[in-house]
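Asker: Pasting in a structure now, in structure tokens, and then I'll have a few things to ask.
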Amino acid sequence: MWIKICANTNLDDAQLAAELGADAVGFVFAPSARRITSAEVAKITPHLPTSIERVGVFHALDAYEIARAAHEAGLTAVQLHSGVDFALLHRLHKLFAGQVSLIQTVHWEVGTEGGGAAIVAAELRRIAADGLVDHVLIDSKVGAAIGGTGVSFDWDEARAIFQEAAPELKLIVAGGLRAENVSEAIQNLNPWGIDVASGVESVPGRKSPEKLAAFIKKARESKVDPA
């Protein structure tokens, strides 16, 4: 199970995530209470193990702005948190030439009757057909809030969609995960990876060492239900 600890704002939290066994740490460049600049991230990434992935989360920037920030910050992956833009994906794929992974976020709108699931299924099919994305992250959208909401989408509905719409995609699950429910999410959805931010925080932008350790331990111990 690939584990990403997102929305890091300081070196101590990122190093602790790495020490506890996370596979990736994320940095939010989009407008957020957890926002950080590429110059600030550039002071953090040289002190992290080379084995850990360093993911930048971007929203509403063009390909050259994203590429410039990724280079300055020392990122190994870029996560696009705005809507699926295939023209942008093609430009980034060309600019990065396989040196930086692409993660596309698909937002599951919570609180809509059936619409959220149908939109996610359609977008997963289009992404799979396009073939340029390395991973797809499914995150909850609550009203205008995208990411960091602390709210889970419908896992029961998602299980069938993941199996039918995108069995070949490497799916990462986010949205409302914490130590208390991460095992359930893994058992239900059998994702390629999981992503957490608010679920391991003491306050926005600061990680709780206890919550972080408990989350990673629970995720590592989780078993997928073969049924």
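Residues are named by chain letter and number: chains run A, B, ... in the order of the structure tokens, numbers start at 1 in each chain, and ligands are numbered from 1 in the order shown.
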For Asn190 (chain A), list every protein, DNA or RNA residue within 7 Å, evaluated using only C-alpha atoms, and leave out those in the same chain fewer than 3 positions away; present the list as a list in words.
Answerer: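 My reading of the contact set: Ile186, Gln187 and Val224 of chain A.
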Asker: Please identify which residues in region 4-212 of chain A DSSP calls alpha helix (DSSP H) from the backbone, and express them as a VMD selection string.
Answerer: chain A and resid 11 to 19 38 to 42 63 to 73 86 to 96 115 to 130 155 to 165 182 to 189 209 to 212
Asker: Contacts of region 77-81 of chain A at 6 Å or less, counting only C-alpha atoms, minus same-chain residues fewer than 2 places along, as a list in words?
Answerer: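 The residues that qualify are Val55, Gly56, Val57, Phe58, His59, Leu75, Val100, Ser101, Leu102, Ile103, Gln104 and Thr105 of chain A.
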Asker: Generate the output file for the selected residues, N, CA and C atoms, as an mmCIF file, in the first residue's frame.
Answerer:
data_model
loop_
_atom_site.group_PDB
_atom_site.id
_atom_site.type_symbol
_atom_site.label_atom_id
_atom_site.label_comp_id
_atom_site.auth_asym_id
_atom_site.auth_seq_id
_atom_site.Cartn_x
_atom_site.Cartn_y
_atom_site.Cartn_z
ATOM 1 N N VAL A 55 5.630 15.287 -3.682
ATOM 2 C CA VAL A 55 4.500 15.585 -4.563
ATOM 3 C C VAL A 55 4.011 17.013 -4.340
ATOM 4 N N GLY A 56 3.889 17.761 -5.420
ATOM 5 C CA GLY A 56 3.320 19.104 -5.343
ATOM 6 C C GLY A 56 1.875 19.098 -5.823
ATOM 7 N N VAL A 57 1.006 19.743 -5.074
ATOM 8 C CA VAL A 57 -0.418 19.817 -5.413
ATOM 9 C C VAL A 57 -0.700 21.192 -6.011
ATOM 10 N N PHE A 58 -1.200 21.200 -7.263
ATOM 11 C CA PHE A 58 -1.390 22.451 -7.998
ATOM 12 C C PHE A 58 -2.841 22.614 -8.425
ATOM 13 N N HIS A 59 -3.271 23.877 -8.531
ATOM 14 C CA HIS A 59 -4.634 24.189 -8.960
ATOM 15 C C HIS A 59 -4.594 25.452 -9.807
ATOM 16 N N LEU A 75 10.584 18.427 -6.884
ATOM 17 C CA LEU A 75 9.496 17.463 -6.820
ATOM 18 C C LEU A 75 9.761 16.256 -7.716
ATOM 19 N N VAL A 100 9.038 13.347 -14.111
ATOM 20 C CA VAL A 100 8.135 13.706 -13.009
ATOM 21 C C VAL A 100 6.792 13.018 -13.259
ATOM 22 N N SER A 101 6.292 12.322 -12.263
ATOM 23 C CA SER A 101 5.024 11.600 -12.408
ATOM 24 C C SER A 101 3.842 12.555 -12.392
ATOM 25 N N LEU A 102 2.756 12.139 -13.040
ATOM 26 C CA LEU A 102 1.535 12.947 -13.083
ATOM 27 C C LEU A 102 0.424 12.236 -12.314
ATOM 28 N N ILE A 103 -0.155 12.938 -11.367
ATOM 29 C CA ILE A 103 -1.297 12.449 -10.596
ATOM 30 C C ILE A 103 -2.474 13.369 -10.876
ATOM 31 N N GLN A 104 -3.551 12.819 -11.390
ATOM 32 C CA GLN A 104 -4.747 13.612 -11.673
ATOM 33 C C GLN A 104 -5.789 13.364 -10.580
ATOM 34 N N THR A 105 -6.258 14.434 -9.977
ATOM 35 C CA THR A 105 -7.327 14.321 -8.987
ATOM 36 C C THR A 105 -8.678 14.325 -9.680
#
Asker: At what distance in Å, to one decimal, does CA of Gly193 (chain A) lie from CA of Gln99 (chain A)?
Answerer: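 Answer for the CA of Gln99 (chain A) to CA of Gly193 (chain A) separation: 20.4 Å.
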Asker: Can you list, as number ranges by chain, every protein, DNA or RNA residue that comes within 8 Å of region 25-41 of chain A when you count only C-alpha atoms, leaving out same-chain residues fewer than 6 positions away?
Answerer: A: 4-9, 14, 17-18, 52-59, 69-70, 72-74, 204-205
Asker: Suppose we keep C-alpha atoms; can you now write the selection as a PDB file, in the first residue's frame?
Answerer:
ATOM      1  CA  LYS A   4       1.124   9.715   0.975  1.00  0.00           C
ATOM      2  CA  ILE A   5       1.086  12.239   3.803  1.00  0.00           C
ATOM      3  CA  CYS A   6      -0.077  15.486   2.248  1.00  0.00           C
ATOM      4  CA  ALA A   7      -0.186  19.201   3.119  1.00  0.00           C
ATOM      5  CA  ASN A   8       3.190  19.392   4.843  1.00  0.00           C
ATOM      6  CA  THR A   9       4.293  22.912   5.727  1.00  0.00           C
ATOM      7  CA  ALA A  14       7.903  15.803   6.393  1.00  0.00           C
ATOM      8  CA  ALA A  17       6.382  11.043   7.858  1.00  0.00           C
ATOM      9  CA  ALA A  18       9.431   9.598   6.117  1.00  0.00           C
ATOM     10  CA  ILE A  52      10.508   9.205  -0.623  1.00  0.00           C
ATOM     11  CA  GLU A  53       8.392  10.814  -3.322  1.00  0.00           C
ATOM     12  CA  ARG A  54       7.861  14.556  -3.146  1.00  0.00           C
ATOM     13  CA  VAL A  55       4.500  15.585  -4.563  1.00  0.00           C
ATOM     14  CA  GLY A  56       3.320  19.104  -5.343  1.00  0.00           C
ATOM     15  CA  VAL A  57      -0.418  19.817  -5.413  1.00  0.00           C
ATOM     16  CA  PHE A  58      -1.390  22.451  -7.998  1.00  0.00           C
ATOM     17  CA  HIS A  59      -4.634  24.189  -8.960  1.00  0.00           C
ATOM     18  CA  ALA A  69       7.709  25.253  -9.484  1.00  0.00           C
ATOM     19  CA  ALA A  70       8.356  21.500  -9.673  1.00  0.00           C
ATOM     20  CA  GLU A  72      12.603  24.715  -8.063  1.00  0.00           C
ATOM     21  CA  ALA A  73      11.018  22.635  -5.279  1.00  0.00           C
ATOM     22  CA  GLY A  74      12.718  19.368  -6.233  1.00  0.00           C
ATOM     23  CA  PRO A 204      -4.290  22.861   9.913  1.00  0.00           C
ATOM     24  CA  GLY A 205      -0.773  22.633   8.510  1.00  0.00           C
TER      25      GLY A 205
END
Asker: So how many Å separate CA of Leu171 (chain A) and CA of Ile138 (chain A), to one decimal?
Answerer: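 Here the two named atoms are 7.2 Å from each other.
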Asker: Write out as an MDAnalysis selection string all residues of region 9-174 of chain A that backbone DSSP assigns to strand (DSSP E or B).
Answerer: chainID A and resid 24:28 35 53:58 77:80 101:109 135:142 145:146 171:173
Asker: So how many Å separate CA of Val151 (chain A) and CA of Gly175 (chain A), to one decimal?
Answerer: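 Distance reported for this atom pair: 5.5 Å.
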Asker: Between A:Arg68, A:Leu89, A:Ser152, A:Val133, which has the minimum distance to Trp108 (chain A) (counting only C-alpha atoms)?
Answerer: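 Nearest to Trp108 (chain A): A:Ser152.
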Asker: Give me, as a ChimeraX atom specification, all polymer residues having an atom no more than 10 Å from Asp156 (chain A), counting only C-alpha atoms and skipping those fewer than 6 positions away in the same chain.
Answerer: /A:185,188-189
Asker: Determine the nearest neighbour of Ser140 (chain A) from the options A:Glu168, A:Glu109, A:Glu19, A:Glu157, counting only C-alpha atoms.
Answerer: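 With only C-alpha atoms as the atom set, the closest residue is A:Glu109.
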Asker: Considering only C-alpha atoms, can you say which of A:Thr45, A:Leu132, A:Gly83, A:Ile3 comes closest to Leu61 (chain A)?
Answerer: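 Smallest distance to Leu61 (chain A) is found for A:Gly83.
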Asker: Check the smallest atom-to-atom distance from each of A:Leu92, A:Val182, A:Ile194, A:Val110 to Ala214 (chain A) using only C-alpha atoms, then report the winner.
Answerer: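 Closest to Ala214 (chain A) of all the choices is A:Val182.
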Asker: List the spatial neighbours of Ala129 (chain A) as a PDB file with C-alpha atoms, in the first residue's frame - criterion: any atom at most 12 Å away, only C-alpha atoms, same-chain residues fewer than 4 positions off excluded.
Answerer:
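The resulting result.pdb:
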ATOM      1  CA  PHE A  86      -6.279  16.877 -21.139  1.00  0.00           C
ATOM      2  CA  ALA A 122     -17.069   9.086 -16.778  1.00  0.00           C
ATOM      3  CA  GLU A 123     -13.847  10.897 -15.913  1.00  0.00           C
ATOM      4  CA  LEU A 124     -12.067   7.673 -14.977  1.00  0.00           C
ATOM      5  CA  ARG A 125     -12.964   6.158 -18.347  1.00  0.00           C
ATOM      6  CA  VAL A 133      -1.638   9.852 -16.154  1.00  0.00           C
ATOM      7  CA  ALA A 165     -14.709   2.047 -14.978  1.00  0.00           C
ATOM      8  CA  ALA A 166     -10.989   1.905 -14.363  1.00  0.00           C
ATOM      9  CA  PRO A 167      -9.616  -1.496 -13.333  1.00  0.00           C
ATOM     10  CA  GLU A 168      -6.242  -0.725 -14.929  1.00  0.00           C
ATOM     11  CA  LEU A 169      -5.696   2.657 -13.258  1.00  0.00           C
TER      12      LEU A 169
END
Asker: I need the residue nearest Leu11 (chain A) from this list: A:Lys207, A:Trp155, A:Val84, A:Ala128. Use only C-alpha atoms for the distance.
Answerer: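 Comparing A:Lys207, A:Trp155, A:Val84, A:Ala128 against Leu11 (chain A), the winner is A:Lys207.
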Asker: Taking into account only C-alpha atoms, which residue in the set A:His107, A:Asn10, A:Val203, A:His71 is nearest to His47 (chain A)?
Answerer: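 Ranking A:His107, A:Asn10, A:Val203, A:His71 by distance to His47 (chain A), first place goes to A:Asn10.
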